[in-house]
Each structure stands twice: as structure tokens, then as C-alpha cells.
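Worksheet: one structure, shown below.
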Amino acid sequence: MMGSFDSALDQQQIRHGYSLLELMENLDHEIEYLNRKRIGATVNEEEKERITRVKRSHLRKIQDCIQELESSGFNQWLMERQLA
């Protein structure tokens, strides 16, 4: 059944999927920024620990987004679009 995910995802689900992708990209950019900041020589140990906690939190959020994109069918829907 080729169009099964077409009918299973409405416009709101599609917009939500793209919003999750955008959130993941923003979190990834912030992690990159935090990595550069953490490497800086002027950052004390307490700040490095805070940065590490924030990065771990961001990574958990990214994992949650990936899981939601997969379980919602959005990943499959998007792959079908890219292969068409």
C-alpha cells in the first residue's frame, strides 16, 4: 500500500514533524556552541559541569524527538517523499 502514510499523517502532524526536526537542529547548534565554550580556557570547573549538564539535557531532548518522529510515522512519510 504505497500511500498509507500519506493518509495517516494530516497537515498538523506534518508541521509538528518539521518543527521537531527544526528543534533538533537548534539543539545541535547549541551543543556545538557549548562545546566551543567549554573548551575555552576562561571557563571554570563549575561552569564546565553546568555546560555538561545542559548538553546531556539537549541530547535527551534530541533522543525524544527522534523517538517521536519514528513512532508518529513521520520518518517513514519523509523517506517516501525523498524517494519519490
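Each chain in the C-alpha cells gets a letter, A, B and so on, in the order shown; residues start at 1 in every chain, and ligands are counted from 1 in the order they appear.
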Compile the contact shell of Thr52 of chain A as JSON, numbers by chain: residues with an atom at most 12 Å away, counting only C-alpha atoms, same-chain residues fewer than 2 positions apart removed.
{"A": [31, 32, 34, 35, 37, 38, 39, 45, 46, 47, 48, 49, 50, 54, 55, 56, 57, 58, 59]}
Please save N, CA, C and O atoms of the selected residues as a PDB file, in the first residue's frame.
```pdb
ATOM      1  N   ILE A  31      24.573  22.742  21.131  1.00  0.00           N
ATOM      2  CA  ILE A  31      25.584  21.812  21.652  1.00  0.00           C
ATOM      3  C   ILE A  31      26.959  22.162  21.078  1.00  0.00           C
ATOM      4  O   ILE A  31      27.955  22.166  21.795  1.00  0.00           O
ATOM      5  N   GLU A  32      27.014  22.462  19.789  1.00  0.00           N
ATOM      6  CA  GLU A  32      28.282  22.873  19.175  1.00  0.00           C
ATOM      7  C   GLU A  32      28.833  24.130  19.854  1.00  0.00           C
ATOM      8  O   GLU A  32      30.032  24.210  20.161  1.00  0.00           O
ATOM      9  N   LEU A  34      28.179  25.169  22.922  1.00  0.00           N
ATOM     10  CA  LEU A  34      28.599  24.808  24.273  1.00  0.00           C
ATOM     11  C   LEU A  34      29.939  24.077  24.260  1.00  0.00           C
ATOM     12  O   LEU A  34      30.768  24.275  25.154  1.00  0.00           O
ATOM     13  N   ASN A  35      30.152  23.240  23.252  1.00  0.00           N
ATOM     14  CA  ASN A  35      31.442  22.552  23.135  1.00  0.00           C
ATOM     15  C   ASN A  35      32.576  23.554  22.968  1.00  0.00           C
ATOM     16  O   ASN A  35      33.620  23.430  23.607  1.00  0.00           O
ATOM     17  N   LYS A  37      32.520  26.694  23.887  1.00  0.00           N
ATOM     18  CA  LYS A  37      32.628  27.463  25.130  1.00  0.00           C
ATOM     19  C   LYS A  37      33.341  26.658  26.208  1.00  0.00           C
ATOM     20  O   LYS A  37      34.170  27.180  26.937  1.00  0.00           O
ATOM     21  N   ARG A  38      33.043  25.372  26.286  1.00  0.00           N
ATOM     22  CA  ARG A  38      33.638  24.512  27.323  1.00  0.00           C
ATOM     23  C   ARG A  38      35.144  24.373  27.115  1.00  0.00           C
ATOM     24  O   ARG A  38      35.903  24.260  28.061  1.00  0.00           O
ATOM     25  N   ILE A  39      35.574  24.377  25.871  1.00  0.00           N
ATOM     26  CA  ILE A  39      36.992  24.247  25.553  1.00  0.00           C
ATOM     27  C   ILE A  39      37.753  25.513  25.939  1.00  0.00           C
ATOM     28  O   ILE A  39      38.943  25.465  26.226  1.00  0.00           O
ATOM     29  N   GLU A  45      35.665  25.168  36.494  1.00  0.00           N
ATOM     30  CA  GLU A  45      35.134  23.796  36.617  1.00  0.00           C
ATOM     31  C   GLU A  45      33.626  23.782  36.827  1.00  0.00           C
ATOM     32  O   GLU A  45      32.936  22.954  36.260  1.00  0.00           O
ATOM     33  N   GLU A  46      33.130  24.685  37.641  1.00  0.00           N
ATOM     34  CA  GLU A  46      31.691  24.735  37.901  1.00  0.00           C
ATOM     35  C   GLU A  46      30.914  25.006  36.617  1.00  0.00           C
ATOM     36  O   GLU A  46      29.891  24.387  36.350  1.00  0.00           O
ATOM     37  N   GLU A  47      31.412  25.935  35.815  1.00  0.00           N
ATOM     38  CA  GLU A  47      30.764  26.251  34.539  1.00  0.00           C
ATOM     39  C   GLU A  47      30.870  25.067  33.575  1.00  0.00           C
ATOM     40  O   GLU A  47      29.931  24.762  32.847  1.00  0.00           O
ATOM     41  N   LYS A  48      32.003  24.385  33.559  1.00  0.00           N
ATOM     42  CA  LYS A  48      32.147  23.210  32.704  1.00  0.00           C
ATOM     43  C   LYS A  48      31.135  22.134  33.081  1.00  0.00           C
ATOM     44  O   LYS A  48      30.537  21.490  32.216  1.00  0.00           O
ATOM     45  N   GLU A  49      30.910  21.951  34.382  1.00  0.00           N
ATOM     46  CA  GLU A  49      29.920  20.963  34.836  1.00  0.00           C
ATOM     47  C   GLU A  49      28.512  21.377  34.428  1.00  0.00           C
ATOM     48  O   GLU A  49      27.711  20.544  34.014  1.00  0.00           O
ATOM     49  N   ARG A  50      28.217  22.666  34.530  1.00  0.00           N
ATOM     50  CA  ARG A  50      26.899  23.166  34.112  1.00  0.00           C
ATOM     51  C   ARG A  50      26.698  22.943  32.616  1.00  0.00           C
ATOM     52  O   ARG A  50      25.643  22.484  32.177  1.00  0.00           O
ATOM     53  N   VAL A  54      23.778  20.717  30.688  1.00  0.00           N
ATOM     54  CA  VAL A  54      22.925  21.269  29.637  1.00  0.00           C
ATOM     55  C   VAL A  54      23.048  20.423  28.368  1.00  0.00           C
ATOM     56  O   VAL A  54      22.046  20.096  27.720  1.00  0.00           O
ATOM     57  N   LYS A  55      24.285  20.042  28.011  1.00  0.00           N
ATOM     58  CA  LYS A  55      24.485  19.213  26.818  1.00  0.00           C
ATOM     59  C   LYS A  55      23.771  17.879  26.954  1.00  0.00           C
ATOM     60  O   LYS A  55      23.127  17.415  26.002  1.00  0.00           O
ATOM     61  N   ARG A  56      23.864  17.249  28.125  1.00  0.00           N
ATOM     62  CA  ARG A  56      23.169  15.973  28.337  1.00  0.00           C
ATOM     63  C   ARG A  56      21.666  16.139  28.207  1.00  0.00           C
ATOM     64  O   ARG A  56      20.982  15.298  27.622  1.00  0.00           O
ATOM     65  N   SER A  57      21.148  17.228  28.743  1.00  0.00           N
ATOM     66  CA  SER A  57      19.719  17.512  28.626  1.00  0.00           C
ATOM     67  C   SER A  57      19.319  17.679  27.162  1.00  0.00           C
ATOM     68  O   SER A  57      18.295  17.148  26.715  1.00  0.00           O
ATOM     69  N   HIS A  58      20.129  18.413  26.405  1.00  0.00           N
ATOM     70  CA  HIS A  58      19.854  18.608  24.981  1.00  0.00           C
ATOM     71  C   HIS A  58      19.886  17.276  24.235  1.00  0.00           C
ATOM     72  O   HIS A  58      19.040  17.024  23.371  1.00  0.00           O
ATOM     73  N   LEU A  59      20.847  16.430  24.561  1.00  0.00           N
ATOM     74  CA  LEU A  59      20.932  15.130  23.894  1.00  0.00           C
ATOM     75  C   LEU A  59      19.708  14.270  24.202  1.00  0.00           C
ATOM     76  O   LEU A  59      19.192  13.567  23.321  1.00  0.00           O
TER      77      LEU A  59
END
```
With only C-alpha atoms as the counted atoms, please give the residues lying no more than 7 Å from segment 60-70 of chain A, apart from itself and same-chain residues fewer than 5 positions off, as a PyMOL selection string.
chain A and resi 17+20+24+75
Create the file for the chosen residues now, containing C-alpha atoms and written as a short mmCIF file (atom, residue, chain, number, x, y, z; two decimals), in the first residue's frame.
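Saved file part.cif follows:
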```
data_model
loop_
_atom_site.label_atom_id
_atom_site.label_comp_id
_atom_site.auth_asym_id
_atom_site.auth_seq_id
_atom_site.Cartn_x
_atom_site.Cartn_y
_atom_site.Cartn_z
CA GLY A 17 7.32 16.67 12.44
CA LEU A 20 10.73 18.62 15.73
CA MET A 24 16.75 19.08 16.83
CA ASN A 75 10.28 9.46 9.33
#
```
Could you name the residues that touch Phe74 of chain A at 12 Å or less, counting only C-alpha atoms, but leaving out those on the same chain fewer than 5 positions away, as a PyMOL selection string?
chain A and resi 4-21+65-69+79-81
Just write the chosen residues, N, CA and C atoms, as a JSON list (two decimals), in the first residue's frame.
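Once everything was written out, this is again-v4.json:
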```json
[["chain", "number", "residue", "atom", "x", "y", "z"],
["A", 4, "SER", "N", 0.00, 4.76, 2.19],
["A", 4, "SER", "CA", -0.55, 4.54, 3.52],
["A", 4, "SER", "C", -0.18, 5.64, 4.50],
["A", 5, "PHE", "N", 1.04, 6.16, 4.44],
["A", 5, "PHE", "CA", 1.42, 7.21, 5.38],
["A", 5, "PHE", "C", 0.89, 8.56, 4.93],
["A", 6, "ASP", "N", 0.62, 8.72, 3.62],
["A", 6, "ASP", "CA", 0.00, 9.95, 3.13],
["A", 6, "ASP", "C", -1.29, 10.22, 3.87],
["A", 7, "SER", "N", -2.16, 9.24, 3.92],
["A", 7, "SER", "CA", -3.46, 9.44, 4.54],
["A", 7, "SER", "C", -3.37, 9.38, 6.06],
["A", 8, "ALA", "N", -2.32, 8.75, 6.60],
["A", 8, "ALA", "CA", -2.20, 8.60, 8.05],
["A", 8, "ALA", "C", -1.69, 9.88, 8.71],
["A", 9, "LEU", "N", -0.99, 10.73, 7.99],
["A", 9, "LEU", "CA", -0.47, 11.97, 8.56],
["A", 9, "LEU", "C", -1.27, 13.15, 8.03],
["A", 10, "ASP", "N", -1.86, 13.92, 8.94],
["A", 10, "ASP", "CA", -2.55, 15.13, 8.50],
["A", 10, "ASP", "C", -1.56, 16.31, 8.51],
["A", 11, "GLN", "N", -2.04, 17.45, 8.07],
["A", 11, "GLN", "CA", -1.16, 18.63, 7.96],
["A", 11, "GLN", "C", -0.57, 19.03, 9.31],
["A", 12, "GLN", "N", -1.33, 18.90, 10.38],
["A", 12, "GLN", "CA", -0.82, 19.25, 11.70],
["A", 12, "GLN", "C", 0.32, 18.32, 12.11],
["A", 13, "GLN", "N", 0.18, 17.03, 11.84],
["A", 13, "GLN", "CA", 1.25, 16.07, 12.16],
["A", 13, "GLN", "C", 2.49, 16.34, 11.33],
["A", 14, "ILE", "N", 2.30, 16.72, 10.09],
["A", 14, "ILE", "CA", 3.44, 17.03, 9.22],
["A", 14, "ILE", "C", 4.16, 18.28, 9.72],
["A", 15, "ARG", "N", 3.40, 19.32, 10.07],
["A", 15, "ARG", "CA", 4.02, 20.55, 10.61],
["A", 15, "ARG", "C", 4.76, 20.24, 11.91],
["A", 16, "HIS", "N", 4.15, 19.41, 12.75],
["A", 16, "HIS", "CA", 4.79, 19.05, 14.01],
["A", 16, "HIS", "C", 6.10, 18.30, 13.75],
["A", 17, "GLY", "N", 6.10, 17.40, 12.79],
["A", 17, "GLY", "CA", 7.32, 16.67, 12.44],
["A", 17, "GLY", "C", 8.43, 17.60, 12.00],
["A", 18, "TYR", "N", 8.08, 18.56, 11.12],
["A", 18, "TYR", "CA", 9.10, 19.53, 10.69],
["A", 18, "TYR", "C", 9.56, 20.41, 11.85],
["A", 19, "SER", "N", 8.65, 20.73, 12.77],
["A", 19, "SER", "CA", 9.04, 21.52, 13.95],
["A", 19, "SER", "C", 10.02, 20.75, 14.82],
["A", 20, "LEU", "N", 9.80, 19.44, 14.96],
["A", 20, "LEU", "CA", 10.73, 18.62, 15.73],
["A", 20, "LEU", "C", 12.10, 18.58, 15.05],
["A", 21, "LEU", "N", 12.12, 18.48, 13.73],
["A", 21, "LEU", "CA", 13.40, 18.50, 13.01],
["A", 21, "LEU", "C", 14.13, 19.82, 13.24],
["A", 65, "CYS", "N", 12.94, 13.50, 20.49],
["A", 65, "CYS", "CA", 12.44, 13.93, 19.19],
["A", 65, "CYS", "C", 12.55, 12.80, 18.17],
["A", 66, "ILE", "N", 13.69, 12.13, 18.15],
["A", 66, "ILE", "CA", 13.89, 11.02, 17.21],
["A", 66, "ILE", "C", 12.86, 9.94, 17.45],
["A", 67, "GLN", "N", 12.64, 9.61, 18.71],
["A", 67, "GLN", "CA", 11.66, 8.58, 19.04],
["A", 67, "GLN", "C", 10.25, 8.99, 18.60],
["A", 68, "GLU", "N", 9.89, 10.24, 18.83],
["A", 68, "GLU", "CA", 8.57, 10.71, 18.42],
["A", 68, "GLU", "C", 8.42, 10.74, 16.90],
["A", 69, "LEU", "N", 9.47, 11.16, 16.20],
["A", 69, "LEU", "CA", 9.42, 11.17, 14.73],
["A", 69, "LEU", "C", 9.23, 9.76, 14.18],
["A", 79, "MET", "N", 10.78, 9.81, 4.26],
["A", 79, "MET", "CA", 11.59, 8.96, 3.37],
["A", 79, "MET", "C", 10.85, 8.69, 2.08],
["A", 80, "GLU", "N", 9.55, 8.45, 2.16],
["A", 80, "GLU", "CA", 8.76, 8.24, 0.93],
["A", 80, "GLU", "C", 8.79, 9.47, 0.04],
["A", 81, "ARG", "N", 8.76, 10.66, 0.64],
["A", 81, "ARG", "CA", 8.81, 11.91, -0.15],
["A", 81, "ARG", "C", 10.15, 12.04, -0.84]]
```
